[in-house]
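Enquirer: See coords-v1.txt below, with compact mmCIF, C-alpha atoms.
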# COMPACT_ATOMS: atom_id res chain seq x y z
CA MET A 23 0.00 0.00 0.00
CA ARG A 24 1.06 3.58 -0.52
CA VAL A 25 1.39 5.69 2.63
CA ILE A 26 1.87 9.45 2.95
CA GLY A 27 3.98 10.31 5.99
CA LEU A 28 3.91 13.77 7.61
CA ILE A 29 5.94 15.40 10.37
CA SER A 30 7.01 18.83 11.53
CA GLY A 31 10.07 18.99 13.77
CA THR A 32 10.82 20.88 16.94
CA SER A 33 12.18 23.87 15.02
CA MET A 34 8.78 24.37 13.33
CA ASP A 35 10.46 25.38 10.09
CA ALA A 36 8.88 22.95 7.63
CA ILE A 37 6.27 20.30 7.12
CA ASP A 38 8.10 17.23 5.85
CA VAL A 39 6.24 14.76 3.65
CA ALA A 40 7.26 11.40 2.22
CA VAL A 41 5.38 8.92 0.07
CA ALA A 42 6.34 5.27 0.41
CA ASP A 43 5.17 1.97 -1.01
CA LEU A 44 5.07 -0.50 1.90
CA SER A 45 4.44 -4.23 1.99
CA ILE A 46 5.20 -7.23 4.18
CA ASP A 47 7.29 -10.11 2.87
CA GLY A 48 7.30 -12.83 5.50
CA ARG A 49 8.83 -11.22 8.58
CA THR A 50 10.26 -8.28 6.66
CA VAL A 51 8.75 -4.89 5.85
CA VAL A 52 9.71 -3.62 2.40
CA LEU A 53 9.79 0.19 2.22
CA THR A 54 10.22 1.68 -1.23
CA PRO A 55 10.73 5.47 -1.21
CA VAL A 56 8.59 7.19 -3.85
CA GLU A 57 9.16 10.88 -3.18
CA HIS A 58 9.77 13.31 -0.34
CA ALA A 59 9.61 17.08 0.07
CA GLU A 60 9.64 19.97 2.48
CA HIS A 61 6.87 22.55 2.56
CA PRO A 62 7.21 25.91 4.31
CA PHE A 63 5.83 26.04 7.82
CA PRO A 64 3.20 28.79 8.22
CA GLU A 65 5.05 31.69 9.84
CA ASP A 66 2.05 32.81 11.89
CA LEU A 67 1.81 29.41 13.64
CA ARG A 68 5.19 29.57 15.35
CA ARG A 69 4.05 31.47 18.44
CA PRO A 70 3.35 29.17 21.43
CA PRO A 71 -0.31 29.16 22.57
CA THR A 72 -1.03 30.88 25.89
CA SER A 73 -4.71 30.01 26.35
CA ALA A 74 -7.20 27.26 25.60
CA ALA A 75 -8.57 29.37 22.77
CA GLU A 76 -5.13 29.75 21.19
CA LEU A 77 -4.44 26.02 21.67
CA CYS A 78 -7.68 25.17 19.88
CA ALA A 79 -6.87 27.55 17.05
CA LEU A 80 -3.34 26.17 16.71
CA ASP A 81 -4.55 22.55 16.63
CA THR A 82 -7.06 23.46 13.93
CA ARG A 83 -4.75 25.54 11.78
CA LEU A 84 -1.91 23.04 12.00
CA GLY A 85 -4.36 20.33 10.93
CA GLN A 86 -5.36 22.46 7.97
CA ALA A 87 -1.71 23.10 7.06
CA PHE A 88 -0.90 19.39 7.18
CA ALA A 89 -4.06 18.69 5.17
CA GLU A 90 -3.04 21.14 2.47
CA VAL A 91 0.31 19.38 2.10
CA ALA A 92 -1.12 15.85 2.16
CA ALA A 93 -3.73 16.71 -0.48
CA ARG A 94 -0.94 17.28 -3.02
CA TYR A 95 0.05 13.60 -2.94
CA ARG A 96 -1.61 10.32 -3.81
CA GLY A 97 -1.80 7.38 -1.45
CA ASP A 98 -4.00 4.89 0.39
CA LEU A 99 -3.29 6.08 3.94
CA VAL A 100 -1.92 9.16 5.67
CA SER A 101 0.21 8.90 8.81
CA SER A 102 0.94 12.10 10.72
CA LEU A 103 3.37 12.56 13.59
CA GLY A 104 2.07 16.12 13.83
CA GLN A 105 3.76 18.98 15.65
CA THR A 106 5.06 18.42 19.16
CA VAL A 107 4.18 21.46 21.27
CA HIS A 108 5.08 20.03 24.68
CA HIS A 109 6.96 16.99 25.97
CA TRP A 110 6.42 16.63 29.74
CA VAL A 111 9.36 15.01 31.52
CA GLU A 112 10.00 15.07 35.27
CA ASP A 113 12.71 13.23 37.18
CA GLY A 114 13.66 11.24 34.10
CA ARG A 115 10.11 10.02 33.46
CA CYS A 116 7.84 11.16 30.66
CA LEU A 117 4.43 12.02 32.08
CA GLY A 118 2.77 13.25 28.91
CA THR A 119 3.32 14.50 25.40
CA LEU A 120 1.21 16.70 23.14
CA GLN A 121 1.23 16.72 19.35
CA LEU A 122 -1.10 19.05 17.46
CA GLY A 123 -2.43 19.02 13.92
CA GLN A 124 -6.02 17.75 14.10
CA PRO A 125 -6.18 14.70 11.77
CA ALA A 126 -9.87 15.23 10.89
CA TRP A 127 -8.80 18.08 8.61
CA ILE A 128 -6.36 15.78 6.82
CA ALA A 129 -9.02 13.10 6.37
CA GLU A 130 -11.50 15.67 5.09
CA ALA A 131 -9.06 17.15 2.57
CA THR A 132 -7.68 13.86 1.24
CA GLY A 133 -10.59 11.46 1.71
CA LEU A 134 -8.06 9.00 3.17
CA PRO A 135 -7.93 7.39 6.62
CA VAL A 136 -5.36 9.05 8.88
CA VAL A 137 -3.23 7.51 11.61
CA ALA A 138 -2.16 10.16 14.13
CA ASP A 139 -1.32 10.80 17.81
CA LEU A 140 1.39 8.16 17.60
CA ARG A 141 3.41 8.89 20.75
CA VAL A 142 1.00 8.91 23.66
CA ARG A 143 0.24 5.15 23.79
CA ASP A 144 3.92 4.46 24.40
CA VAL A 145 3.92 7.10 27.15
CA ALA A 146 0.83 5.52 28.73
CA ALA A 147 2.75 2.23 28.79
CA GLY A 148 5.57 3.85 30.76
CA GLY A 149 7.74 4.92 27.84
CA HIS A 150 8.99 8.29 26.64
CA GLY A 151 7.10 8.21 23.33
CA ALA A 152 10.48 8.98 21.77
CA PRO A 153 12.63 8.48 19.91
CA LEU A 154 10.22 6.62 17.66
CA ALA A 155 12.94 6.60 15.03
CA SER A 156 14.12 3.53 16.91
CA THR A 157 11.29 1.55 15.29
CA LEU A 158 12.60 2.09 11.78
CA ASP A 159 16.25 1.86 12.84
CA ALA A 160 15.88 -1.39 14.79
CA LEU A 161 14.25 -3.13 11.82
CA TRP A 162 16.50 -1.55 9.20
CA LEU A 163 19.80 -2.28 10.93
CA ALA A 164 18.88 -5.68 12.35
CA ASP A 165 21.23 -7.46 9.94
CA PHE A 166 23.91 -4.77 9.78
CA ASP A 167 27.43 -6.15 9.80
CA GLY A 168 28.69 -5.13 13.23
CA PRO A 169 27.39 -2.60 15.76
CA ALA A 170 25.74 0.47 14.28
CA THR A 171 24.26 3.72 15.52
CA ALA A 172 21.50 5.48 13.64
CA LEU A 173 21.75 9.21 14.32
CA ASN A 174 19.14 11.87 13.69
CA ILE A 175 20.13 15.50 14.22
CA GLY A 176 17.04 17.64 14.40
CA GLY A 177 16.32 20.34 16.96
CA ILE A 178 17.13 17.56 19.42
CA ALA A 179 19.59 14.81 18.48
CA ASN A 180 18.76 11.16 19.06
CA VAL A 181 20.50 7.85 18.53
CA THR A 182 19.45 4.25 18.06
CA LYS A 183 22.21 1.76 18.89
CA VAL A 184 21.76 -1.67 17.35
CA SER A 185 24.00 -4.60 18.28
CA PRO A 186 23.70 -8.33 19.03
CA ALA A 187 23.04 -7.32 22.64
CA GLY A 188 19.85 -5.52 21.64
CA VAL A 189 18.49 -2.09 20.79
CA ILE A 190 18.69 1.07 22.84
CA ALA A 191 17.67 4.57 21.78
CA TYR A 192 17.43 7.97 23.42
CA ASP A 193 17.89 11.69 22.96
CA THR A 194 21.53 12.71 23.36
CA GLY A 195 20.72 16.38 23.93
CA PRO A 196 20.53 19.44 21.68
CA GLY A 197 21.04 19.00 17.98
CA ASN A 198 20.27 22.29 16.26
CA ALA A 199 18.15 23.78 19.07
CA LEU A 200 20.74 25.93 20.84
CA MET A 201 22.50 26.94 17.62
CA ASP A 202 19.17 28.06 16.18
CA ALA A 203 18.27 29.96 19.35
CA ALA A 204 21.61 31.75 19.29
CA MET A 205 21.29 32.77 15.63
CA THR A 206 17.76 34.04 16.20
CA VAL A 207 18.94 36.29 19.04
CA LEU A 208 22.14 37.45 17.35
CA SER A 209 20.37 38.36 14.11
CA GLY A 210 17.43 40.06 15.76
CA GLY A 211 15.13 37.44 14.31
CA LEU A 212 16.36 37.82 10.74
CA ARG A 213 18.06 34.39 10.72
CA ASP A 214 17.00 31.27 12.58
CA GLN A 215 19.95 28.98 11.79
CA ASP A 216 23.69 29.07 11.14
CA THR A 217 23.36 28.12 7.48
CA ASP A 218 26.28 26.00 6.27
CA GLY A 219 27.98 26.53 9.64
CA GLU A 220 29.07 29.97 8.42
CA PHE A 221 29.52 31.52 11.87
CA ALA A 222 30.82 28.38 13.59
CA ARG A 223 33.56 27.96 10.98
CA ARG A 224 34.94 31.42 11.76
CA GLY A 225 34.88 31.03 15.53
CA ARG A 226 36.87 29.35 18.27
CA VAL A 227 35.51 27.17 21.05
CA HIS A 228 35.06 29.07 24.31
CA ALA A 229 36.39 26.66 26.95
CA GLU A 230 34.51 28.02 29.97
CA LEU A 231 31.19 28.09 28.18
CA LEU A 232 31.70 24.56 26.88
CA ASP A 233 32.43 23.36 30.42
CA ARG A 234 29.23 24.98 31.66
CA LEU A 235 27.22 23.38 28.88
CA LEU A 236 28.68 19.91 29.41
CA ALA A 237 27.86 20.12 33.13
CA ASP A 238 24.13 19.90 32.39
CA PRO A 239 22.74 16.96 34.43
CA TYR A 240 20.81 15.60 31.43
CA TYR A 241 23.92 14.06 29.89
CA ALA A 242 24.56 11.87 32.95
CA LEU A 243 21.02 10.46 33.10
CA PRO A 244 20.68 6.77 32.21
CA ALA A 245 18.75 5.69 29.13
CA PRO A 246 15.98 5.50 28.15
CA LYS A 247 15.57 9.24 28.35
CA SER A 248 14.16 12.09 26.29
CA THR A 249 14.33 15.85 26.26
CA GLY A 250 13.17 18.76 24.16
CA LYS A 251 13.08 22.51 23.68
CA GLU A 252 11.24 22.71 26.99
CA HIS A 253 14.78 22.38 28.40
CA PHE A 254 17.25 23.36 25.67
CA ASN A 255 15.91 26.74 24.62
CA ARG A 256 16.69 30.46 24.49
CA ALA A 257 16.13 30.93 28.24
CA TYR A 258 18.55 28.08 28.91
CA LEU A 259 21.11 29.71 26.64
CA ASP A 260 20.70 33.05 28.44
CA ARG A 261 21.32 31.38 31.81
CA VAL A 262 24.36 29.36 30.78
CA THR A 263 26.08 32.29 29.05
CA GLY A 264 25.47 34.65 31.98
CA GLY A 265 28.51 36.80 32.74
CA LEU A 266 30.43 35.70 29.66
CA THR A 267 31.33 37.88 26.68
CA MET A 268 32.44 36.51 23.33
CA PRO A 269 32.07 37.10 19.58
CA ALA A 270 29.03 35.61 17.89
CA GLU A 271 31.33 33.29 15.92
CA ASP A 272 32.80 31.84 19.13
CA LEU A 273 29.34 31.25 20.56
CA LEU A 274 28.27 29.30 17.47
CA ALA A 275 31.56 27.38 17.38
CA THR A 276 31.06 26.37 21.02
CA LEU A 277 27.44 25.29 20.55
CA THR A 278 28.43 23.27 17.47
CA GLU A 279 31.20 21.62 19.50
CA LEU A 280 28.69 20.79 22.24
CA THR A 281 26.37 19.03 19.80
CA ALA A 282 29.23 17.11 18.17
CA ARG A 283 30.81 16.07 21.46
CA THR A 284 27.60 14.96 23.19
CA ILE A 285 26.52 12.97 20.14
CA ALA A 286 29.90 11.30 19.62
CA ALA A 287 30.07 10.26 23.27
CA GLU A 288 26.94 8.14 22.77
CA CYS A 289 27.77 6.47 19.45
CA GLU A 290 29.08 2.95 18.82
CA GLY A 291 30.30 1.35 15.61
CA THR A 292 29.34 2.80 12.26
CA VAL A 293 27.21 5.94 12.61
CA ILE A 294 24.50 6.48 9.99
CA GLY A 295 23.35 10.08 10.03
CA SER A 296 20.22 11.88 8.90
CA GLY A 297 18.30 15.02 9.77
CA GLY A 298 18.87 18.72 9.25
CA GLY A 299 22.10 18.83 11.22
CA MET A 300 23.75 16.71 8.55
CA ARG A 301 23.51 19.75 6.26
CA ASN A 302 25.78 21.76 8.56
CA PRO A 303 29.35 21.21 7.29
CA ALA A 304 30.93 22.51 10.50
CA LEU A 305 28.97 20.02 12.59
CA VAL A 306 29.52 17.13 10.18
CA GLU A 307 33.26 17.75 10.06
CA SER A 308 33.47 17.86 13.84
CA LEU A 309 31.51 14.63 14.12
CA GLY A 310 33.55 12.99 11.36
CA ARG A 311 36.74 13.53 13.37
CA ARG A 312 35.24 11.52 16.21
CA VAL A 313 33.16 8.74 14.66
CA ASP A 314 32.89 6.61 11.51
CA LEU A 315 30.13 8.71 9.94
CA ARG A 316 28.01 7.76 6.92
CA THR A 317 24.67 9.04 5.67
CA SER A 318 21.47 7.04 5.39
CA ASP A 319 21.49 7.85 1.65
CA GLU A 320 24.43 5.46 1.30
CA LEU A 321 22.17 2.66 2.53
CA GLY A 322 19.26 3.58 0.26
CA LEU A 323 17.13 5.69 2.59
CA PRO A 324 17.08 9.43 1.75
CA ALA A 325 18.49 11.27 4.76
CA ALA A 326 16.44 14.37 4.03
CA GLY A 327 13.17 12.41 4.12
CA LYS A 328 13.94 9.78 6.73
CA GLU A 329 11.69 11.14 9.48
CA ALA A 330 8.72 11.46 7.13
CA TYR A 331 9.37 7.91 5.90
CA LEU A 332 9.38 6.88 9.56
CA ALA A 333 5.92 8.42 9.93
CA ALA A 334 4.73 6.38 6.95
CA LEU A 335 6.18 3.19 8.47
CA LEU A 336 4.54 3.79 11.85
CA GLY A 337 1.15 4.30 10.24
CA PHE A 338 1.59 1.19 8.12
CA LEU A 339 2.37 -0.93 11.19
CA THR A 340 -0.63 0.45 13.07
CA TRP A 341 -2.89 -0.16 10.06
CA HIS A 342 -1.88 -3.83 10.12
CA GLY A 343 -2.31 -4.25 13.87
CA LEU A 344 1.41 -4.48 14.58
CA PRO A 345 3.31 -2.93 17.49
CA ALA A 346 5.17 0.19 16.42
CA ASN A 347 7.40 0.89 19.41
CA VAL A 348 10.66 -0.64 20.67
CA PRO A 349 10.28 -1.02 24.45
CA SER A 350 14.02 -1.23 25.12
CA ALA A 351 14.39 2.10 23.33
CA THR A 352 11.47 4.09 24.72
CA GLY A 353 11.19 2.44 28.14
CA ALA A 354 7.61 1.21 27.62
CA ALA A 355 6.39 -1.85 29.50
CA GLY A 356 6.03 -3.79 26.26
CA PRO A 357 5.23 -3.66 22.53
CA ARG A 358 2.18 -1.55 21.75
CA PRO A 359 0.19 -0.60 18.64
CA LEU A 360 0.42 3.17 18.35
CA GLY A 361 -1.88 5.97 17.37
CA SER A 362 -5.54 6.46 16.58
CA ILE A 363 -7.26 6.16 13.22
CA THR A 364 -9.58 8.78 11.73
CA PRO A 365 -11.75 7.36 8.92
CA GLY A 366 -11.58 8.91 5.46
CA ARG A 367 -14.34 9.46 2.94
CA TYR A 368 -15.49 5.83 2.97
CA PRO A 369 -16.29 3.36 5.76
CA LEU A 370 -13.20 2.17 7.56
CA ARG A 371 -12.10 -1.28 6.40
CA LEU A 372 -8.95 -2.50 8.10
CA PRO A 373 -7.02 -5.50 6.77
CA GLU A 374 -6.77 -8.69 8.75
CA PRO A 375 -4.22 -8.09 11.53
CA VAL A 376 -0.75 -9.46 10.86
CA ILE A 377 -0.13 -12.04 13.57
CA THR A 378 3.55 -12.71 12.86
CA ALA A 379 5.95 -10.13 14.25
CA VAL A 380 8.13 -8.36 11.71
CA THR A 381 11.85 -8.47 12.47
CA GLY A 382 13.49 -6.64 9.58
CA LEU A 383 13.13 -3.88 7.02
CA THR A 384 14.59 -3.61 3.54
CA ILE A 385 14.70 -0.52 1.34
CA GLY A 386 13.25 -1.21 -2.07
CA ARG A 387 14.01 0.73 -5.22
CA ARG A 388 11.47 1.71 -7.83
CA GLU A 389 12.33 1.09 -11.44
CA GLY A 390 13.85 4.24 -12.89
CA GLN A 391 14.02 5.92 -9.50
CA SER A 392 16.61 8.69 -9.43
CA GLY A 393 16.81 9.14 -5.70
CA GLN A 394 16.57 12.90 -6.08
CA ARG A 395 14.64 14.76 -3.43
CA CYS A 396 11.83 17.15 -4.15
CA GLN A 397 12.09 20.30 -2.05
CA GLU A 398 10.27 23.52 -1.63
CA ASP A 399 11.64 26.40 0.42
CA GLY A 400 11.48 24.96 3.89
CA GLY A 401 13.48 23.74 6.86
CA ASP A 402 15.51 20.80 7.92
CA HIS A 403 15.13 20.26 11.63
CA ALA A 404 12.72 17.34 11.97
CA ARG A 405 12.94 15.49 15.26
CA THR A 406 11.66 12.05 16.06
Show this structure as structure tokens.

Expert:
Amino acid sequence: MRVIGLISGTSMDAIDVAVADLSIDGRTVVLTPVEHAEHPFPEDLRRPPTSAAELCALDTRLGQAFAEVAARYRGDLVSSLGQTVHHWVEDGRCLGTLQLGQPAWIAEATGLPVVADLRVRDVAAGGHGAPLASTLDALWLADFDGPATALNIGGIANVTKVSPAGVIAYDTGPGNALMDAAMTVLSGGLRDQDTDGEFARRGRVHAELLDRLLADPYYALPAPKSTGKEHFNRAYLDRVTGGLTMPAEDLLATLTELTARTIAAECEGTVIGSGGGMRNPALVESLGRRVDLRTSDELGLPAAGKEAYLAALLGFLTWHGLPANVPSATGAAGPRPLGSITPGRYPLRLPEPVITAVTGLTIGRREGQSGQRCQEDGGDHART
């Protein structure tokens, strides 16, 4: 079946979409990328809601924005990870998570059934609801030759470590979040990212600031764990830089070093990268000096569309009655089907549930497929 996957990352700079043909061959899921793209995130929806009325309006308008994107593509099912607006973690435990983008608008615009609200069931089972990228990574890298780490650098960076001993996944800390916050402040809102690592390349690492950053207690917490921009944000940056003076270039160089160092400390074996941070040459070079770094493109899965393809996979698993979480990665009490289903234009007719667990994933290739990505002016900071 053909599934349209949707996600908007923590940076709220684009709506990512991917279309995939998915099928089950024995105990293996076959995912064939069809196309992927980025669509501009509506500028007026970036402001956090401060009342129930604003929350309602944001949920509605995000749903309409996702619907407008999904309606441009053809498929049998839509799966939406939505927009995370709050991830509630206390004392190392996730107590709740909220993703907006009302799926009824997507179903109305496309006529297709929509799988959405994919994180909260894992949270209800004692997990963190993240990183759900571990579902794709655990299947995809199950037969990888040697230990491997799948890395996604969005606003928050996360890793999935796959080895004969099992699968573990968690957020390592900030990916692009602090760099983006710094650029927004330094440019007076004119720029929201250090494009191509321009500032970081010209700067030098500020040792005292880096020490302050690395002292954050989050890094010492045991996995599974998750974090978000509720913690690593502009206010955090203001606190940690208090009393220090440095050029903008040194600040960006230090924040880039923080992301590279905290990611590298958590990686094992071959590291397969994806996400917006992989487009930052300064960050990639710093990581490449520390780990054996490859891109997911080299293994057949477009790095720029990986998180949207993940959304498609999660919806496909739910549609077939299969668990879509990895308990050892999220901390949930056990495997769980994820999400809720909103019917499309016609009565809902689910297939017979698949009763045999899937244990692997292969990336198919369409005849004549070029592998080129389709992109509109948008962002690159998806987080899963």

Enquirer: Fewer than 2 positions away in the same chain doesn't count, so skip those; otherwise give me all residues within 9 Å of region 214-217 of chain A, counting all atoms listed in the file, as a PyMOL selection string.

Expert: chain A and resi 198+201-207+209+211-212+219-222+274+301-302

Enquirer: Looking at A:Val262, A:Gly361, A:Asp218, A:Thr281, which one is nearest to Pro303 (chain A), with distances taken over only C-alpha atoms?

Expert: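 Nearest candidate to Pro303 (chain A) out of A:Val262, A:Gly361, A:Asp218, A:Thr281: A:Asp218.
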
Enquirer: Taking all atoms listed in the file into account, name the residue in A:Ala304, A:Ala160, A:Val380, A:Leu259 that is nearest to Val348 (chain A).

Expert: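 The closest residue to Val348 (chain A) is A:Ala160.
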
Enquirer: I'd like the interatomic distance between CA of Pro62 (chain A) and CA of Val91 (chain A), to a tenth of an Å.

Expert: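 Answer for the CA of Pro62 (chain A) to CA of Val91 (chain A) separation: 9.8 Å.
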
Enquirer: Mind giving me the straight-line distance from CA of Gly382 (chain A) to CA of Ala164 (chain A) in Å, one decimal?

Expert: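 It comes out at 6.1 Å.
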
Enquirer: In terms of the shortest atom-to-atom distance over only C-alpha atoms, which of A:Ser308, A:Thr119, A:Thr378, A:Ser30 is closest to Val51 (chain A)?

Expert: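 Closest to Val51 (chain A) of all the choices is A:Thr378.
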